[in-house]
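What follows is a short report on a single structure.
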Amino acid sequence: MTEPLLAIDNLHVRFPVGGGFLAGPRRMLHAVNGVDLELAEGECLSIVGESGCGKSTTALAVMGLQEPTEGTIRVRGKPFSGPAAPSRKERAKIAQMVFQDPYASLNPRQTVWTSLAAPLKLHGMASRFEIADRVETVLRDVGLTLEQARRYPHEFSGGQRQRIGIARALVLEPEMIVLDEPVSALDVSIRAQIINLLLDLQERLGLSYIMISHDLSVVEHMSDRVAVMFFGQVVESGPWSAIFANPIHPYTRRLIATIPNPDAILGDARKVTDTPQPAPPHGWVFANDGASIRDVMTPPDPSELVEVETGHFIRLSHA
Amino acid sequence: MMPLLQIRNLNLGLKRAGSSYALLHDVSFDIMPGEIYGLVGESGSGKSVTSLAVIGLLKKPLQVLGGEINFRGKNLLALRRREMRAMRGRRIAMVFQEPMTALNPLATIGRQIAEMYVLHQAKNWSEAGQLAVEALASVRVPNPERRAKDYPHQMSGGLRQRVMIAMALACNPDLLIADEPTTALDVTVQAEVLKLIRELCAERGTAVLFISHDLGVIAEMCQRVGVMYAGCLVEENDTAALFANPRHEYTRGLLGALPRMGSRLEHGRQRLVDIDSVIEDRSTLTSRRFITPRQDIAAQ
């Protein structure tokens with residue numbers, strides 16, 4: 001197997017909560033608790049889960065915006081976190097991010113052109129023609145016109161702003177883009193346009209995506225592989241078809257079953273809820289079966305990811 | 001059976017000295033007693049202002065420019081302010097998207113629910129407090145006695161929305177307006193809250209005007225749906241029929257733009273429909289508005 005583009009190995013992120021001086025010992029919130037993930041080149045890996053499951057913290061750690069407490073992140077085998085990590089400038093050419101709220105992530109006082117040209121100048125592109133050339137290319141890539149680039153972010157609609165956000169992420173030609181709920185804030189018709197755009201760009205530019213999302217219908221549509229997170233841990237991961245056709249972990253099944261599905265009322269009911277819960281392999285039980293919310297104080301049960309079919313892992317504990 | 005709510009040619013807009021700008025164009029639909037009726041549409045389609053007109057909470061410069069809103073045979077638009085206030089909360093109640101902004105942060109939730117009984121049913125506070133605990137139990141809040149003493153910030157989003165539902169249903173209204181009640185919630189919590197609304201309203205025979213941009217949620221909740229676009233009701237049908245056989249091109253575009261669970265497994269990845277490429281000129285859409293099964297039969 002070829003080396004993955006990105007490899008996250010045993011990632012832990014802990015935050016102190018409460019406590020402190022006079023208030024007793026500090027407790028630690030284990031936001032990410034031993035996550036292992038790999039991203040192959042040209043692949044879209046989706047991390048799904050509910051608020052607080054650690055999916056965004058994982059993404060921030062990849063972007064270098066959150067220092068891991070433990071564990072390593074590597075890009076093509078070279079450290080991407082910790083003391084040996086590349087500088088911010090070098091990172092920017094490898095990984096970029098698209099945020100949920102494009103308006104909050106654009107500078108309101110800069111025209112779109114200025115926002116797009118700034119990273120190029122910062123990375124030593126001096127010639128105005130070169131800069132103009134590159135900016136024009138990304139604008140065309142995301143379906144915006146040159147005239148529009150002279151405007152300010154507030155002059156655009158939500159869908160257009162997200163296109164600007166994508167253009168900004170593309171301008172330095174990164175290898176991977178972290179998409180944090182890229183279409184959650186958009187209307188149905190605009191959402192479809194942005195999803196189509198992201199898939200086109202991925203194919204044309206050979207991009208790799210890590211998508212953070214809670215919307216499973218979008219995840220099913222876009223992903224190559226899916227990792228389901230629950231309380232800081234990956235409870236199930238695998239190719240998209242395995243996760244959606246044959247979900248095994250109770251939490252994954254519950255997540256899929258709770259998606260309001262228009263086709264369900266047309267008689268074409270969800271297959272997942274109909275089939276009985278598969279039993280874990282002999283001698284194992286499901287870890288964190290998804291029924292209860294774990295106290296931040298309790299250490300997780302010793303559990304491990306077990307491969308149930310090629311590339312399809314579920315988290316189990318010894319019975 | 002008489003419809004509970006009958007909206008006839010509702011026109012609504014912004015009005016300032018001399019000029020007006022229409023936001024709703026001749027919106028008409030009925031809700032039967034006990035029925036869950038969905039209004040679906042994208043931002044700015046007019047679904048929320050429609051609901052605000054029904055409950056009488058339009059603020060200037062927004063105002064009704066024409067039409068009727070008949071509720072149990074009475075035109076709500078002709079009511080005096082005081083009469084409308086008495087109607088609100090007792091006969092027509094509302095649940096909003098963001099419970100945190102709809103709850104008073106300085107009062108315990110027990111007191112806020114109890115207020116409903118004091119205002120609308122002339123109960124004394126101690127009696128109302130007891131009823132509030134029962135109301136909390138009815139929306140399946142665990143430990144209702146203890147939870148009644150909590151302030152809104154001490155509760156999770158899902159619990160707060162349950163509290164809002166308890167308040168809205170406190171006086172057994174005939175009509176509940178739910179405006180994107182689960183949009184801010186996680187999917188598993190959303191599923192619980194939707195189930196709760198469905199069950200409680202079925203138990204009490206409360207009709208619901210359910211507003212959402214999420215076609216999946218609409219499909220799960222509503223018996224009938226109206227699709228709104230640019231201030232017009234462009235199509236209305238039984239939910240199952242609407243999804244199986246959308247007639248209006250906007251509805252067709254909207255359904256095609258939706259990634260469907262299970263569709264990729266069955267048919268492979270299909271490109272999502274781009275409404276703008278299907279419909280060249282969105283402005284012509286509204287001239288062919290309001291398709292109902294009835295009109296269809298008439299046309300044949």
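For the structure tokens, the naming scheme is as follows: chains receive sequential letters (A, B, ...) according to their order of presentation, residues are indexed from 1 within each chain, and ligands are indexed from 1 in presentation order.
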
Hey, which bits of chain A sit within 9 Å of chain B, and for each residue what's the closest pair of atoms and how far apart in Å (one decimal), counting only C-alpha atoms, rows by chain and increasing number, as JSON lines?
{"residue": "A:Glu50", "atom": "CA", "partner": "B:Asp186", "partner_atom": "CA", "distance": 6.0}
{"residue": "A:Ser51", "atom": "CA", "partner": "B:Asp186", "partner_atom": "CA", "distance": 6.8}
{"residue": "A:Asp187", "atom": "CA", "partner": "B:Glu42", "partner_atom": "CA", "distance": 5.8}
{"residue": "A:Val188", "atom": "CA", "partner": "B:Ala257", "partner_atom": "CA", "distance": 6.5}
{"residue": "A:Ser189", "atom": "CA", "partner": "B:Ala257", "partner_atom": "CA", "distance": 5.7}
{"residue": "A:Ile190", "atom": "CA", "partner": "B:Asp274", "partner_atom": "CA", "distance": 8.0}
{"residue": "A:Arg191", "atom": "CA", "partner": "B:Ala257", "partner_atom": "CA", "distance": 7.8}
{"residue": "A:Ala192", "atom": "CA", "partner": "B:Ala257", "partner_atom": "CA", "distance": 5.2}
{"residue": "A:Gln193", "atom": "CA", "partner": "B:Asp274", "partner_atom": "CA", "distance": 5.9}
{"residue": "A:Ile195", "atom": "CA", "partner": "B:Leu272", "partner_atom": "CA", "distance": 8.0}
{"residue": "A:Asn196", "atom": "CA", "partner": "B:Leu272", "partner_atom": "CA", "distance": 6.7}
{"residue": "A:His214", "atom": "CA", "partner": "B:Val187", "partner_atom": "CA", "distance": 7.7}
{"residue": "A:Asp215", "atom": "CA", "partner": "B:Val187", "partner_atom": "CA", "distance": 8.3}
{"residue": "A:Leu216", "atom": "CA", "partner": "B:Met261", "partner_atom": "CA", "distance": 7.7}
{"residue": "A:Ser217", "atom": "CA", "partner": "B:Met261", "partner_atom": "CA", "distance": 5.1}
{"residue": "A:Val218", "atom": "CA", "partner": "B:Pro259", "partner_atom": "CA", "distance": 6.1}
{"residue": "A:Glu220", "atom": "CA", "partner": "B:Met261", "partner_atom": "CA", "distance": 7.0}
{"residue": "A:His221", "atom": "CA", "partner": "B:Pro259", "partner_atom": "CA", "distance": 6.4}
{"residue": "A:Met222", "atom": "CA", "partner": "B:Arg269", "partner_atom": "CA", "distance": 8.4}
{"residue": "A:Ser241", "atom": "CA", "partner": "B:Leu265", "partner_atom": "CA", "distance": 6.7}
{"residue": "A:Phe244", "atom": "CA", "partner": "B:Gly262", "partner_atom": "CA", "distance": 7.6}
{"residue": "A:Ala245", "atom": "CA", "partner": "B:Leu265", "partner_atom": "CA", "distance": 7.3}
{"residue": "A:Arg254", "atom": "CA", "partner": "B:Thr188", "partner_atom": "CA", "distance": 7.7}
{"residue": "A:Leu255", "atom": "CA", "partner": "B:Thr188", "partner_atom": "CA", "distance": 6.6}
{"residue": "A:Ala257", "atom": "CA", "partner": "B:Thr188", "partner_atom": "CA", "distance": 8.8}
{"residue": "A:Thr258", "atom": "CA", "partner": "B:Ala191", "partner_atom": "CA", "distance": 5.7}
{"residue": "A:Ile259", "atom": "CA", "partner": "B:Val187", "partner_atom": "CA", "distance": 6.5}
{"residue": "A:Pro260", "atom": "CA", "partner": "B:Gly216", "partner_atom": "CA", "distance": 4.6}
{"residue": "A:Asn261", "atom": "CA", "partner": "B:Gly216", "partner_atom": "CA", "distance": 4.9}
{"residue": "A:Pro262", "atom": "CA", "partner": "B:Gly216", "partner_atom": "CA", "distance": 4.8}
{"residue": "A:Asp263", "atom": "CA", "partner": "B:Arg260", "partner_atom": "CA", "distance": 7.8}
{"residue": "A:Ala264", "atom": "CA", "partner": "B:Glu220", "partner_atom": "CA", "distance": 8.1}
{"residue": "A:Ile265", "atom": "CA", "partner": "B:Ala240", "partner_atom": "CA", "distance": 6.5}
{"residue": "A:Leu266", "atom": "CA", "partner": "B:Ala240", "partner_atom": "CA", "distance": 5.9}
{"residue": "A:Arg270", "atom": "CA", "partner": "B:Gly262", "partner_atom": "CA", "distance": 8.4}

Please save N, CA and C atoms of the selected residues as an mmCIF file, in the first residue's frame.
data_model
loop_
_atom_site.group_PDB
_atom_site.id
_atom_site.type_symbol
_atom_site.label_atom_id
_atom_site.label_comp_id
_atom_site.auth_asym_id
_atom_site.auth_seq_id
_atom_site.Cartn_x
_atom_site.Cartn_y
_atom_site.Cartn_z
ATOM 1 N N GLU A 50 -22.045 13.933 16.642
ATOM 2 C CA GLU A 50 -22.841 15.040 17.151
ATOM 3 C C GLU A 50 -21.965 16.098 17.805
ATOM 4 N N SER A 51 -22.576 17.219 18.181
ATOM 5 C CA SER A 51 -21.830 18.283 18.851
ATOM 6 C C SER A 51 -21.060 17.709 20.022
ATOM 7 N N ASP A 187 -29.017 27.037 2.027
ATOM 8 C CA ASP A 187 -30.307 26.542 1.574
ATOM 9 C C ASP A 187 -30.141 25.353 0.637
ATOM 10 N N VAL A 188 -31.220 24.578 0.506
ATOM 11 C CA VAL A 188 -31.150 23.335 -0.271
ATOM 12 C C VAL A 188 -30.584 23.541 -1.682
ATOM 13 N N SER A 189 -31.084 24.533 -2.417
ATOM 14 C CA SER A 189 -30.655 24.684 -3.805
ATOM 15 C C SER A 189 -29.196 25.131 -3.881
ATOM 16 N N ILE A 190 -28.791 26.008 -2.959
ATOM 17 C CA ILE A 190 -27.405 26.487 -2.932
ATOM 18 C C ILE A 190 -26.479 25.369 -2.471
ATOM 19 N N ARG A 191 -26.984 24.585 -1.511
ATOM 20 C CA ARG A 191 -26.196 23.477 -0.989
ATOM 21 C C ARG A 191 -25.828 22.512 -2.113
ATOM 22 N N ALA A 192 -26.810 22.228 -2.970
ATOM 23 C CA ALA A 192 -26.558 21.319 -4.089
ATOM 24 C C ALA A 192 -25.460 21.881 -4.992
ATOM 25 N N GLN A 193 -25.502 23.196 -5.233
ATOM 26 C CA GLN A 193 -24.487 23.805 -6.104
ATOM 27 C C GLN A 193 -23.091 23.691 -5.489
ATOM 28 N N ILE A 195 -22.053 21.501 -3.213
ATOM 29 C CA ILE A 195 -21.635 20.089 -3.194
ATOM 30 C C ILE A 195 -21.103 19.689 -4.567
ATOM 31 N N ASN A 196 -21.843 20.065 -5.616
ATOM 32 C CA ASN A 196 -21.379 19.753 -6.980
ATOM 33 C C ASN A 196 -20.019 20.388 -7.252
ATOM 34 N N HIS A 214 -22.383 16.784 10.237
ATOM 35 C CA HIS A 214 -23.362 16.007 10.985
ATOM 36 C C HIS A 214 -24.489 15.565 10.057
ATOM 37 N N ASP A 215 -24.411 16.024 8.792
ATOM 38 C CA ASP A 215 -25.487 15.711 7.859
ATOM 39 C C ASP A 215 -25.141 14.456 7.069
ATOM 40 N N LEU A 216 -25.743 13.347 7.460
ATOM 41 C CA LEU A 216 -25.336 12.066 6.891
ATOM 42 C C LEU A 216 -25.722 11.905 5.429
ATOM 43 N N SER A 217 -26.748 12.618 4.976
ATOM 44 C CA SER A 217 -27.094 12.464 3.564
ATOM 45 C C SER A 217 -26.019 13.114 2.691
ATOM 46 N N VAL A 218 -25.476 14.240 3.155
ATOM 47 C CA VAL A 218 -24.374 14.877 2.424
ATOM 48 C C VAL A 218 -23.125 13.991 2.493
ATOM 49 N N GLU A 220 -22.978 10.735 2.832
ATOM 50 C CA GLU A 220 -23.122 9.571 1.962
ATOM 51 C C GLU A 220 -22.849 9.954 0.507
ATOM 52 N N HIS A 221 -23.295 11.146 0.151
ATOM 53 C CA HIS A 221 -23.145 11.589 -1.236
ATOM 54 C C HIS A 221 -21.686 11.871 -1.600
ATOM 55 N N MET A 222 -20.924 12.437 -0.660
ATOM 56 C CA MET A 222 -19.606 12.964 -1.004
ATOM 57 C C MET A 222 -18.411 12.089 -0.658
ATOM 58 N N SER A 241 -19.597 2.846 1.534
ATOM 59 C CA SER A 241 -20.650 1.874 1.243
ATOM 60 C C SER A 241 -20.833 0.901 2.406
ATOM 61 N N PHE A 244 -22.769 2.793 5.253
ATOM 62 C CA PHE A 244 -24.191 3.042 5.018
ATOM 63 C C PHE A 244 -24.987 1.773 4.712
ATOM 64 N N ALA A 245 -24.345 0.784 4.070
ATOM 65 C CA ALA A 245 -25.092 -0.433 3.748
ATOM 66 C C ALA A 245 -25.057 -1.409 4.916
ATOM 67 N N ARG A 254 -27.797 4.132 15.167
ATOM 68 C CA ARG A 254 -28.743 5.094 15.714
ATOM 69 C C ARG A 254 -28.674 6.411 14.938
ATOM 70 N N LEU A 255 -27.451 6.808 14.620
ATOM 71 C CA LEU A 255 -27.251 8.058 13.877
ATOM 72 C C LEU A 255 -27.939 7.979 12.510
ATOM 73 N N ALA A 257 -30.352 5.943 11.652
ATOM 74 C CA ALA A 257 -31.801 5.764 11.789
ATOM 75 C C ALA A 257 -32.517 7.062 12.127
ATOM 76 N N THR A 258 -31.806 8.020 12.739
ATOM 77 C CA THR A 258 -32.496 9.242 13.152
ATOM 78 C C THR A 258 -32.511 10.306 12.060
ATOM 79 N N ILE A 259 -31.852 10.058 10.930
ATOM 80 C CA ILE A 259 -31.906 11.039 9.846
ATOM 81 C C ILE A 259 -33.306 11.034 9.256
ATOM 82 N N PRO A 260 -33.977 12.206 9.266
ATOM 83 C CA PRO A 260 -35.297 12.240 8.639
ATOM 84 C C PRO A 260 -35.139 11.984 7.147
ATOM 85 N N ASN A 261 -35.816 10.972 6.673
ATOM 86 C CA ASN A 261 -35.581 10.500 5.314
ATOM 87 C C ASN A 261 -36.876 10.527 4.511
ATOM 88 N N PRO A 262 -36.947 11.411 3.506
ATOM 89 C CA PRO A 262 -38.193 11.527 2.747
ATOM 90 C C PRO A 262 -38.611 10.204 2.115
ATOM 91 N N ASP A 263 -37.649 9.377 1.741
ATOM 92 C CA ASP A 263 -38.007 8.136 1.070
ATOM 93 C C ASP A 263 -38.647 7.134 2.017
ATOM 94 N N ALA A 264 -38.402 7.330 3.323
ATOM 95 C CA ALA A 264 -38.961 6.395 4.287
ATOM 96 C C ALA A 264 -40.480 6.416 4.245
ATOM 97 N N ILE A 265 -41.051 7.632 4.016
ATOM 98 C CA ILE A 265 -42.511 7.694 4.045
ATOM 99 C C ILE A 265 -43.125 7.196 2.737
ATOM 100 N N LEU A 266 -42.301 7.001 1.732
ATOM 101 C CA LEU A 266 -42.850 6.506 0.476
ATOM 102 C C LEU A 266 -42.865 4.987 0.445
ATOM 103 N N ARG A 270 -36.289 2.657 5.707
ATOM 104 C CA ARG A 270 -34.864 2.460 5.964
ATOM 105 C C ARG A 270 -34.553 1.011 6.266
#

For this session: Considering only C-alpha atoms, return as a list of chain:residue names whatever protein or nucleic-acid residues lie within 10 Å of Phe286 in chain A, sequence-local ones (same chain, fewer than 6 positions apart) excluded.
Result: A:Val235, A:Ile248, A:His249, A:Pro250, A:Tyr251, A:Ala279, A:Pro280, A:Ser303, A:Glu304, A:Ile314, A:Arg315, A:Leu316, A:Ser317, A:His318, A:Ala319

If you count only C-alpha atoms, which residues fall within 9 Å of range 82-85 of chain B, apart from same-chain ones fewer than 6 positions away, as a compact mmCIF listing (two decimals) with C-alpha atoms, in the first residue's frame?
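Wrote selection.txt, looks like this:
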# COMPACT_ATOMS: atom_id res chain seq x y z
CA ILE B 55 -50.20 34.62 15.43
CA GLY B 56 -50.43 38.39 15.04
CA LEU B 76 -58.05 37.08 13.17

For this session: Pick out the residues sitting within 9 Å of His154 in chain A, and hand them over as a ChimeraX atom specification; count only C-alpha atoms, and ignore anything fewer than 6 positions along from it in its own chain.
Result: /A:103,108,161

Write the residues of the selection above to a file with N, CA and C atoms, as a PDB file, in the first residue's frame.
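Everything below was put into again-v1.pdb:
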ATOM      1  N   TYR A 103     -19.064  34.035   6.012  1.00  0.00           N
ATOM      2  CA  TYR A 103     -19.022  35.466   6.272  1.00  0.00           C
ATOM      3  C   TYR A 103     -18.097  35.789   7.438  1.00  0.00           C
ATOM      4  N   PRO A 108     -14.093  41.649   6.388  1.00  0.00           N
ATOM      5  CA  PRO A 108     -15.118  42.511   5.804  1.00  0.00           C
ATOM      6  C   PRO A 108     -14.557  43.776   5.161  1.00  0.00           C
ATOM      7  N   ARG A 161     -20.548  33.574  -0.994  1.00  0.00           N
ATOM      8  CA  ARG A 161     -19.512  33.713   0.041  1.00  0.00           C
ATOM      9  C   ARG A 161     -18.801  32.399   0.251  1.00  0.00           C
TER      10      ARG A 161
END

Residues of range 185-260 of chain A that approach range 27-34 of chain A to 8 Å or less, counting only C-alpha atoms: could you list each one with the shortest pair of atoms and its distance in Å to one decimal, rows by chain and increasing residue number, as a Markdown table?
| residue | atom | partner | partner_atom | distance |
| --- | --- | --- | --- | --- |
| A:Phe231 | CA | A:Ala31 | CA | 7.1 |
| A:Gly232 | CA | A:Val32 | CA | 4.1 |
| A:Gln233 | CA | A:Asn33 | CA | 5.4 |

For this session: Extract, using only C-alpha atoms, all DNA, RNA and protein residues at most 9 Å from Arg140 in chain B, discarding same-chain residues fewer than 5 positions from it, and format them as a ChimeraX atom specification.
Result: /B:135,162,196

List every residue of range 14-245 of chain A that DSSP, applied to the backbone of this structure, places in helix (DSSP H, G or I), and write the result as a short mmCIF file (atom, residue, chain, number, x, y, z; two decimals) with C-alpha atoms, in the first residue's frame.
data_model
loop_
_atom_site.label_atom_id
_atom_site.label_comp_id
_atom_site.auth_asym_id
_atom_site.auth_seq_id
_atom_site.Cartn_x
_atom_site.Cartn_y
_atom_site.Cartn_z
CA LYS A 55 -14.72 16.01 15.27
CA SER A 56 -13.93 19.71 15.03
CA THR A 57 -11.09 19.45 17.54
CA THR A 58 -9.58 16.70 15.40
CA ALA A 59 -9.82 18.97 12.36
CA LEU A 60 -8.23 21.87 14.24
CA ALA A 61 -5.37 19.61 15.31
CA VAL A 62 -4.76 18.69 11.66
CA MET A 63 -4.70 22.37 10.77
CA ARG A 88 2.77 28.07 9.42
CA LYS A 89 3.77 29.29 6.00
CA GLU A 90 4.80 25.85 4.86
CA ARG A 91 1.68 24.28 6.36
CA ALA A 92 -0.48 26.70 4.41
CA VAL A 112 -12.40 39.58 -2.50
CA TRP A 113 -9.43 40.32 -4.75
CA THR A 114 -7.31 41.59 -1.85
CA SER A 115 -8.26 38.58 0.29
CA LEU A 116 -7.26 36.19 -2.46
CA ALA A 117 -4.05 38.00 -3.40
CA ALA A 118 -2.74 38.38 0.16
CA PRO A 119 -1.57 34.77 0.67
CA LEU A 120 0.16 34.82 -2.72
CA LYS A 121 2.14 37.95 -1.80
CA LEU A 122 2.96 36.47 1.58
CA ARG A 128 1.47 41.45 -10.38
CA PHE A 129 0.74 39.53 -13.53
CA GLU A 130 1.42 36.24 -11.86
CA ILE A 131 -0.82 37.16 -8.94
CA ALA A 132 -3.60 38.34 -11.24
CA ASP A 133 -3.28 35.16 -13.22
CA ARG A 134 -3.58 32.92 -10.18
CA VAL A 135 -6.49 34.89 -8.66
CA GLU A 136 -8.34 34.78 -11.98
CA THR A 137 -7.85 31.05 -12.19
CA VAL A 138 -9.28 30.32 -8.76
CA LEU A 139 -12.18 32.68 -9.33
CA ARG A 140 -13.02 30.78 -12.50
CA ASP A 141 -12.57 27.47 -10.66
CA GLU A 147 -15.97 41.91 -11.77
CA GLN A 148 -17.25 40.27 -8.59
CA ALA A 149 -13.73 40.18 -7.15
CA ARG A 150 -13.76 43.95 -6.75
CA PRO A 153 -17.90 40.14 1.29
CA HIS A 154 -21.16 41.78 2.47
CA GLU A 155 -22.21 42.27 -1.15
CA GLY A 158 -24.39 33.00 1.34
CA GLY A 159 -23.66 30.62 -1.53
CA GLN A 160 -21.33 33.08 -3.24
CA ARG A 161 -19.51 33.71 0.04
CA GLN A 162 -18.92 30.01 0.41
CA ARG A 163 -17.48 30.05 -3.13
CA ILE A 164 -15.12 32.82 -1.99
CA GLY A 165 -14.19 30.73 1.05
CA ILE A 166 -13.35 27.83 -1.24
CA ALA A 167 -11.36 30.11 -3.59
CA ARG A 168 -9.36 31.39 -0.61
CA ALA A 169 -8.57 27.82 0.41
CA LEU A 170 -7.54 26.91 -3.15
CA VAL A 188 -31.15 23.34 -0.27
CA SER A 189 -30.66 24.68 -3.81
CA ILE A 190 -27.40 26.49 -2.93
CA ARG A 191 -26.20 23.48 -0.99
CA ALA A 192 -26.56 21.32 -4.09
CA GLN A 193 -24.49 23.80 -6.10
CA ILE A 194 -21.68 23.89 -3.54
CA ILE A 195 -21.64 20.09 -3.19
CA ASN A 196 -21.38 19.75 -6.98
CA LEU A 197 -18.61 22.34 -7.02
CA LEU A 198 -16.60 20.58 -4.30
CA LEU A 199 -16.88 17.23 -6.09
CA ASP A 200 -15.87 18.78 -9.44
CA LEU A 201 -12.85 20.48 -7.88
CA GLN A 202 -11.80 17.31 -6.14
CA GLU A 203 -11.81 15.39 -9.38
CA ARG A 204 -10.22 18.10 -11.52
CA LEU A 205 -7.50 19.20 -9.10
CA LEU A 216 -25.34 12.07 6.89
CA SER A 217 -27.09 12.46 3.56
CA VAL A 218 -24.37 14.88 2.42
CA VAL A 219 -21.73 12.54 3.84
CA GLU A 220 -23.12 9.57 1.96
CA HIS A 221 -23.14 11.59 -1.24
CA MET A 222 -19.61 12.96 -1.00
CA TRP A 240 -18.74 4.80 2.69
CA SER A 241 -20.65 1.87 1.24
CA ALA A 242 -19.84 -0.35 4.23
CA ILE A 243 -20.88 2.33 6.73
CA PHE A 244 -24.19 3.04 5.02
CA ALA A 245 -25.09 -0.43 3.75
#

Can you tell me, as an mmCIF file with C-alpha atoms, in the first residue's frame, what residues are no more than 6 Å from Leu11 in chain A when counting only C-alpha atoms, ignoring any on the same chain fewer than 4 positions away?
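Final output, saved to part_18.cif:
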data_model
loop_
_atom_site.group_PDB
_atom_site.id
_atom_site.type_symbol
_atom_site.label_atom_id
_atom_site.label_comp_id
_atom_site.auth_asym_id
_atom_site.auth_seq_id
_atom_site.Cartn_x
_atom_site.Cartn_y
_atom_site.Cartn_z
ATOM 1 C CA GLY A 34 -6.928 8.221 20.878
ATOM 2 C CA VAL A 35 -7.978 8.851 17.300
ATOM 3 C CA GLU A 70 -0.485 13.376 22.749
ATOM 4 C CA GLY A 71 -0.052 11.588 19.456
#

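Residue nearest Gly206 in chain A, chosen from A:Glu67, A:Asp224, A:Glu309, A:Glu41 and counting only C-alpha atoms: A:Glu41.
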
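Going from CA of Glu249 in chain B over to CA of Leu39 in chain B, you cover 17.1 Å.
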
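For the pair CA of Ile211 in chain B and CA of Arg224 in chain B, the interatomic distance is 11.9 Å.
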
Exercise. Could you work out how far CA of Ala104 in chain A lies from CA of Leu146 in chain A, giving the answer in Å with one decimal?
Worked result: 22.6 Å
